[in-house]
Number of protein chains: 2
Amino acid sequence: MSQQLKIVGKRLPKVDAWERVSGNAQYASDIFLPGMLYARILRSPHPHAKVKSIDVEKAKALPGVKAIITFKDAPPYRWHQDMPLLTDTSRYEGDNIAVVAAKDDDTAREAIDLIKVEYEVLPFVLDPEEAMKPSAVKIHPKGNIIGGKPFVLKRGDMEKGFQEADIVYEHNYRTSLLQHVTSEPKACVAHWEGGKLTIWDSTAFTFGVQTGLAKALKIPMSKVRVICNFMGGSFGDKSTAERYNILASLLAKKTGLPVKMEYDRDENFLTSHHRYPTVWTLKYGVKKDGTLTAIYARMIADLGGYGHFSGALECSGTMKSVYRCPNLHFEGYNVYTNKPEGGHMRCVGHPQAQFPQEAHMDAIAEKLGMDPVDFRLKNYARKEDGDQDTKLPYASIGLEECLKQGAEAFGWKTRWQKPGSSSGPIKRGLGMAIHACRHGAMTVPSSGMVRVNSDGTVNVLTGTSDIGGGQKGQLAIIVAEELGVPLETVFVTNADTDVTTDTGGSSGSRQTMTGGTGARLAAVDAKKQILAIAAAELKTEKEKLEIRNGSVYPIGSDKGTPLNVILQKAPATIVGRGIGRLPKGVVMFTFAAHFIEVEVDTRSGKVRVVKLVAAHDVGRAINLMALENQIEGGAIQGMGYGLLEDQILDAGTGICLNPNMVDYKLFTIKDVPEIQSIVVESIDPYGPFGAKGVGEPPYSVPAPAIANAVYNAIGVRFDRIPINNRMVLEGLKGAKA
Amino acid sequence: MSQQLKIVGKRLPKVDAWERVSGNAQYASDIFLPGMLYARILRSPHPHAKVKSIDVEKAKALPGVKAIITFKDAPPYRWHQDMPLLTDTSRYEGDNIAVVAAKDDDTAREAIDLIKVEYEVLPFVLDPEEAMKPSAVKIHPKGNIIGGKPFVLKRGDMEKGFQEADIVYEHNYRTSLLQHVTSEPKACVAHWEGGKLTIWDSTAFTFGVQTGLAKALKIPMSKVRVICNFMGGSFGDKSTAERYNILASLLAKKTGLPVKMEYDRDENFLTSHHRYPTVWTLKYGVKKDGTLTAIYARMIADLGGYGHFSGALECSGTMKSVYRCPNLHFEGYNVYTNKPEGGHMRCVGHPQAQFPQEAHMDAIAEKLGMDPVDFRLKNYARKEDGDQDTKLPYASIGLEECLKQGAEAFGWKTRWQKPGSSSGPIKRGLGMAIHACRHGAMTVPSSGMVRVNSDGTVNVLTGTSDIGGGQKGQLAIIVAEELGVPLETVFVTNADTDVTTDTGGSSGSRQTMTGGTGARLAAVDAKKQILAIAAAELKTEKEKLEIRNGSVYPIGSDKGTPLNVILQKAPATIVGRGIGRLPKGVVMFTFAAHFIEVEVDTRSGKVRVVKLVAAHDVGRAINLMALENQIEGGAIQGMGYGLLEDQILDAGTGICLNPNMVDYKLFTIKDVPEIQSIVVESIDPYGPFGAKGVGEPPYSVPAPAIANAVYNAIGVRFDRIPINNRMVLEGLKGAKA
C-alpha cells in the first residue's frame, strides 16, 4: 500500500447524516401508495396453545376490511422449516394466527379484535434444561432437542489435556434473552404490478428478502424487487425474508392493492427473533506457567419456539478460536422452549460465548496468580495458529497491539490491583477481556458496480443496506479514493435488488470488506475504461495517466484534463463492475481488547462503568469518525448487555413482562462512561486499502470485562448477565455469609 | 442471421399490458410522499404582456401556503437560452409568472388567485409571415427571425436543374398548430434528501432531465436522480428537462418538503411545446419522363414565443432525402410569434415537410400523366444514393417493397382512377404517399446492462422509458432471444438515472435499435460469462456450449443443465454490459408507403377514411403485435393530423379557443378505418436481429395521402391541413365557380 491516501482514514461526517437527522430520509413506513391497505396480525396471547376454533365472520363484515387470511387458508409453506406462516399452534406468546388487511390501521386493529378464537392452553416450558428432559412437553413433534443430538467439535485429546494440566477449573454460566430494540420496528410495503412484486422493506439484506420471497411465493427472482431506502437499525434483526414480508405480499396479491405492515414496539419485542439465552459449563485445564492444555465446553442454545439456525455451532467459534489450545471438546445443544425465536443479534454467538470464556479466563488467571493481560498474551492464537483445525494462518492480526496499546492507555499495569482491595462503600474495580472472531472478513458474494456520469460524477450501485453504521459512506470513500474523484461527487444508491448487485446482508460486520471490495474493484474497472478514453484523446498510453481530484493527469504532471471533458468522448455512461474473490490459504479475523473501570455501590448494588478503553484491530480506518461511532455504539450496547438488558418472561404464565422500552432497560446516554477508542491498523492484505469490518466486535467484549471488573471491585464473581443491583446485593450478602 | 429465432417475430402481448389496463401501474401523479406539497403556476392570460406590478402578500398570508417564487426572485437561469424560468414578459398565453407551493392543491390554486398582477398588454403577432416583417412587434430583443437569417442547404445547381426541366411546378402549403394530447399531462414529484434530488417525472428521457436539472441547479449529476416508472404518452413532448421540473425542484429545496406539480389539461394545451406550424413554397422541376431535376423549398417554422430548436433544419431532412435529385435549394426560417413554443411531435419536422412534398409530388404526377406510384418508384433515393450530400449509402432499404406490396394489397393498379371520376354525392378517392427518414436508426448513446439472478432469471437495466409504445417488451424479447431464456423470466426495470444507463430518450423512434442494441450486447456479454462458468463446471470449452430455454446445453445435445444450477457457481450476480457503436460508412433510414381510400360527402364536406394500407420497412419485426400497434396508432394520429387536429388561437386576442379535449378534435375510435399493416423486413445489418425503429414513420404519411385521395375524389386540391368540412365545402364551391 505504497500509494498516498487522500480520503481514506480522515475523520468525515456520514454521507447521509443530514437526511437521517433532519427527518428527510425515507423509511419503509414513509411509503404511501394510492389505495394502500394496512395489515395487522392476530397474535396468540399464550406461549403454548392450540386453536380450537376461529370465527372471522364479524371481522369480515366490518366495513373497510379487505382481506383476512387465517392458518386455515394460508399457503402450507414452512418458513425456516419448522415455522408455518400462520399457525394453529402457538409456540410463543405473539405467534401468528391470522392476518387482516383493511383500509386503515384502526380498522385493521378493530378487525383483529373481532376475530373470535378459542384456545386450548397447553403446558409450556421456558427453561431449556427442563425442555431437554424426556418428560417435557413437546413443542415440535420430534422433541425439543433440535436434530435430536448435540453439535460436537473435537480437537486433540481432551482427557490427555486435562492430565497435563496443573489446574482444572470448572464453572457454569448463563446469558439472558435480549431483543435488538432497533430504533425502527419492522415495516414493509408490498405492491404488485402485474406479476411483479415490489416490496419496500426495512431490511439489512435486500437480496435475502428477494430470494426468500421468490421461494415462498414461487415466482422468478426477476419478478421480486426489494428496496431498502433508509432503515433504522438491524443488529442482526431484519436480515432475511420474514413471515411479515410474505404475509404482506400475500395480502397485496389477494386484494390487488398495496399493503403496508408495520409492527408496534411490543410486537417487535415478542416476535422478532432474539439473542437466544445460553447455559454453559466450562472446564479448562492449564499449566502453572499459564499454558492452556484443554478446553471443555458444554452449552445449550435456547432457540425458543422455532429454530432457524444453530446457536450451538455459532457459539463454538469463540471456544475454538480465541485461544491456542491443542485439546478441545465442544458440545452444544439447540433446544426449543416457548420463548421467542432465537437468532442473530450483533453477532451470531460470540457475545454468548465471550462472556463465559472471558469470565472463566479471569478466574483462572487469578488462580494462577497471573496478571489477566499477561495470561491472554500467553495464550491467544497467533498469526501462524490461525484456524487451529484447518491450520490456515490469519491474513492479518493486531491482537497483541490491541492488548498492549489498550493496557498502556488504560494504565493497566500501574492501576490494576488484586480483587477486592478497594475501600469505602463505593468500590472501584478494573477488568478486561479480549475478542477474536471471523466477522469483518470478506464473504461471498462480494460485488459492486459504479457508474461514471458524463460530468465525471459517480454513482455507486451496491446491494449494501446502510443499517445506520455508515456503510454507504465507507463505499463512497473507497470508490472516491480509488477513482481519484472528490468524495462529494460520489453518490451511493440505496439497496435495491433490481439494480444493484448482491454483497450479502449488512450483518457479520461484512460491508467494509465485502461490499467495499466489490465497489473498489468496480472503481478500478471504471478507471481503466476512463484512462483508455483519455489516452486516445491525449495521444498517450493509459499506463502513463492517473486520475486525481476529478481530472486526468499524465503521471507526475500538474496539467490535468477534467473528467467531464474526457467523458464527452465516452460512447455511453461508463459502467465499472467488480467481483471480489475470497483469498485462499488464509482465514480472516478481527480482534479487540477492552479495559473497563467500574464503581460498585455496595449500598444500592448499582454498577457504574467509569471508563472504557476499546482497542480494535480494524485493518485500516476508512473513516475515522464512523469507525469510532461503531466502536462506541457497539460498546455501549455491549455494556447494556452486561448490566441491564433482559427480556423477562413470567415463570407462571410464560408472558413477557417488559415488552416496551420503559420496562426493558437499555443503556442510555446517562449511563455512558468515558470511552477511548484505540484503532490498530494491521493493514489486511485482502481488505480494501487494508480494512476489515468492525460492526460486531465492540459488542462482545464489555460484558465479560464488566463482570471481571465487578469481581475486581467487590470480590464477588457473577456467572450470569446482566449483573443487576439485586444480584450485586445478594452476592455481597453471600460473600459476607 | 442464420440462427433460428425463438421469440423474435412472434405476436406477443406487451409485457406490462396488465399493469397499464388494470390501473396498477404507478405514474408520477401516483407518488405520494409524507409532507408533500402541491405546486401551481401563475400563468399570464395574455399572449404578449409586461408585468407592471405583482403583489403576493395576500397569497403568502393564506394558511397552508409554504412558498412563493416570482420572476423577481427566480434564479436568472435561462432555459433553452431565451426562456426564463419565470418571466415578467409573457410571450404566449399561459407563460410562467410565479409559482406557489401549498399544503394541498386547492390551497395552491387559491393562492394563485390571490396574487395580484397588473399587466401592460403588448401588441402580439400570430402569423409568422407578419412576424418576419421589420415593422412587427419584437418578441425577443434581437427580432423575430431566430439567428437573423434562414437555414440554407444547397446541392448542385438549382437554376440549371430548372433549365433542364420540362415542367416546373410551384405551390404554397401550410400546416397547423398541434398539441401532443398525451393521455397523461405533465406531472412530477421533486424530493430532496440532503444534497440529493430525486424527481419522479413523466418523461421519455430520464437522462435528459437529469442533465438539464444538474445544469440548472448547478449540482453534480450523481446527485440528481430521475425516475420514470410508468408514463402515459410522449410523442416528443416530455423529452427533456422542462421548466416545471426546475420549479418543482426549487420549491422542494426552499421548503424542505417534497413537491408535486401536475398540469391540468388546459395547461398542457397552452404551455407544452407544440407541433410548430409551417408555411411553405415548393417549386420542383421535372422532365417529361418523370425525372426530378430540381427541388426548391422555402419555408417558415413558426416556433412561437421561444425557440429551443431549429424547425427549419429538421424540415430540411425530408426535402433533401426522400427523392433522388441532383439540384436542391432549401431555405428555412425559424420565427418567433406569440404562439406556444414549437418543438417535437412524433418526429421533428418530417410531418410538416411530408405533407407539402407528397401533395406536390401528387400534383406533378398528374401534370405528367403518370401513375403516382410509378412516379415515386422512378424518383425515390436508392440504396446506393443514400445520403445524397455525404454520398453514404443506406444500410438497408425496403421502400420499393413497401410501394409494391402496399399497392398490391390495396389493389392500386386496378382500382385507381383519374381524379374526380366518382359519381353521386358521396365521392370515393384513392391517394398515396411515401416516407423516408433517419428515425428508427441507431444513435449515441446506445447502452444497456443485464443482471442474471442466481435462479437464472434476468433483469434488464436500461434508461429506456416505455412511453406506451412497448419499448420494455422489445428489450425483454431481444434479451430473452439472445440469452436463450424464457421471455417470462426477463424483467425490464423502469428508467432510473441512478441505476440504468443512457440510451437517449424514447423519441426519434430510437429504442428498438438504440436501446435494443445496448441490451442485446449486454446479453451477449452475460452469456459469455455464464458459459465460462458452465464450461468449468461441465469440464468442456465454452465455445461448445449454448443456452436454450433457460438451460446450458452442449451444442447439439438434448441434455441440458438449468441456469439456476450453473449459477450456484457464479461468484456474484452476473452483470452483462453492452455499448452499441454507430456503423461507419452508411446512413440508416426507415421507409414507408401508405395507400388510403376516402369518401367525401359533398353535401356536408365530411371526409371519411375508408381504408388504409400501411406498408413499413421495419428491418425486422421484434414483436409483431406491438409493431402493428405502433403502425396503427401512428397512422390513426396521422389521420387526425390530416383531418382534425388544430389548436386555434383567436386572431383578435391571441387566446386559445380550444384548450381541451372537447373542442380540440382528435381522431376517435369511431373515425378509425380498416387498417392493414404490411411489414417489410429489410433485415438491417446493424439493428438487433435486423430491426429498425417504427415509432414516428406511420404518423407522417397519412395526411398527404388523405389530401391526395380527397383530390382524387372531388378534384379539389387542398394545400393546408387539417382538411375540415368547411374547407371541403368552400373548395367545392370554388371548383364550381
# chains A, B, ... in the order shown; residues from 1 in each chain; ligands from 1

call {"tool": "interface_residues", "arguments": {"of": "chain A", "to": "chain B", "cutoff": "8 Å", "atoms": "only C-alpha atoms", "output": "ChimeraX atom specification"}}
result
/A:16,18-19,24-25,30-34,192-194,220-223,444-447,451,453,455,457-459,461,489-491,493,498-502,571-573,575,577,579,581

call {"tool": "residues_around", "arguments": {"residues": "B:Asp88", "least_positions_apart": "2", "cutoff": "8 Å", "atoms": "only C-alpha atoms", "output": "list in words"}}
result
Lys50, Val51, Phe71, Leu86, Ser90 and Ile97 of chain B

call {"tool": "residues_around", "arguments": {"residues": "B:Ile139", "least_positions_apart": "4", "cutoff": "9 Å", "atoms": "only C-alpha atoms", "output": "ChimeraX atom specification"}}
result
/B:48,91,124-125,131,143-144,305-306,336-338

call {"tool": "closest_atom_pairs", "arguments": {"of": "stretch 90-146 of chain A", "to": "stretch 58-69 of chain A", "cutoff": "6 Å", "atoms": "only C-alpha atoms", "output": "CSV"}}
result
residue,atom,partner,partner_atom,distance
A:Ala98,CA,A:Ile69,CA,5.6
A:Val99,CA,A:Ile69,CA,5.3
A:Val100,CA,A:Ile68,CA,4.5
A:Ala101,CA,A:Ala67,CA,5.2
A:Ala102,CA,A:Val65,CA,4.2
A:Lys103,CA,A:Gly64,CA,5.1
A:Ala111,CA,A:Ala59,CA,4.6
A:Leu114,CA,A:Ala59,CA,5.0
A:Ile115,CA,A:Ala59,CA,5.7

call {"tool": "closest_residue", "arguments": {"among": "B:Lys539, B:Lys670, B:Lys288, B:Arg174", "to": "B:Pro356", "atoms": "only C-alpha atoms"}}
result
B:Arg174

call {"tool": "select_by_dssp", "arguments": {"residues": "stretch 431-518 of chain B", "states": "strand (DSSP E)", "output": "list in words"}}
result
Gly431, Met432, Ala433, Ile434, His435, Ala436, Cys437, Ser446, Ser447, Gly448, Met449, Val450, Arg451, Val452, Val458, Asn459, Val460, Leu461, Val490, Phe491, Val492, Thr493, Ala495 and Asp496 of chain B

call {"tool": "closest_residue", "arguments": {"among": "A:Asp374, A:Glu159, A:Glu696, A:Asp387", "to": "A:Ile295", "atoms": "only C-alpha atoms"}}
result
A:Glu159

call {"tool": "closest_residue", "arguments": {"among": "B:Ser507, B:Asn172, B:Gln637, B:Ser44", "to": "B:Ala359", "atoms": "only C-alpha atoms"}}
result
B:Asn172

call {"tool": "residues_around", "arguments": {"residues": "stretch 424-427 of chain B", "least_positions_apart": "6", "cutoff": "7 Å", "atoms": "only C-alpha atoms", "output": "ChimeraX atom specification"}}
result
/B:599-603,713-714

call {"tool": "select_by_dssp", "arguments": {"residues": "stretch 232-320 of chain B", "states": "helix (DSSP H, G or I)", "output": "VMD selection string"}}
result
chain B and resid 243 to 255 265 to 271 311 to 320
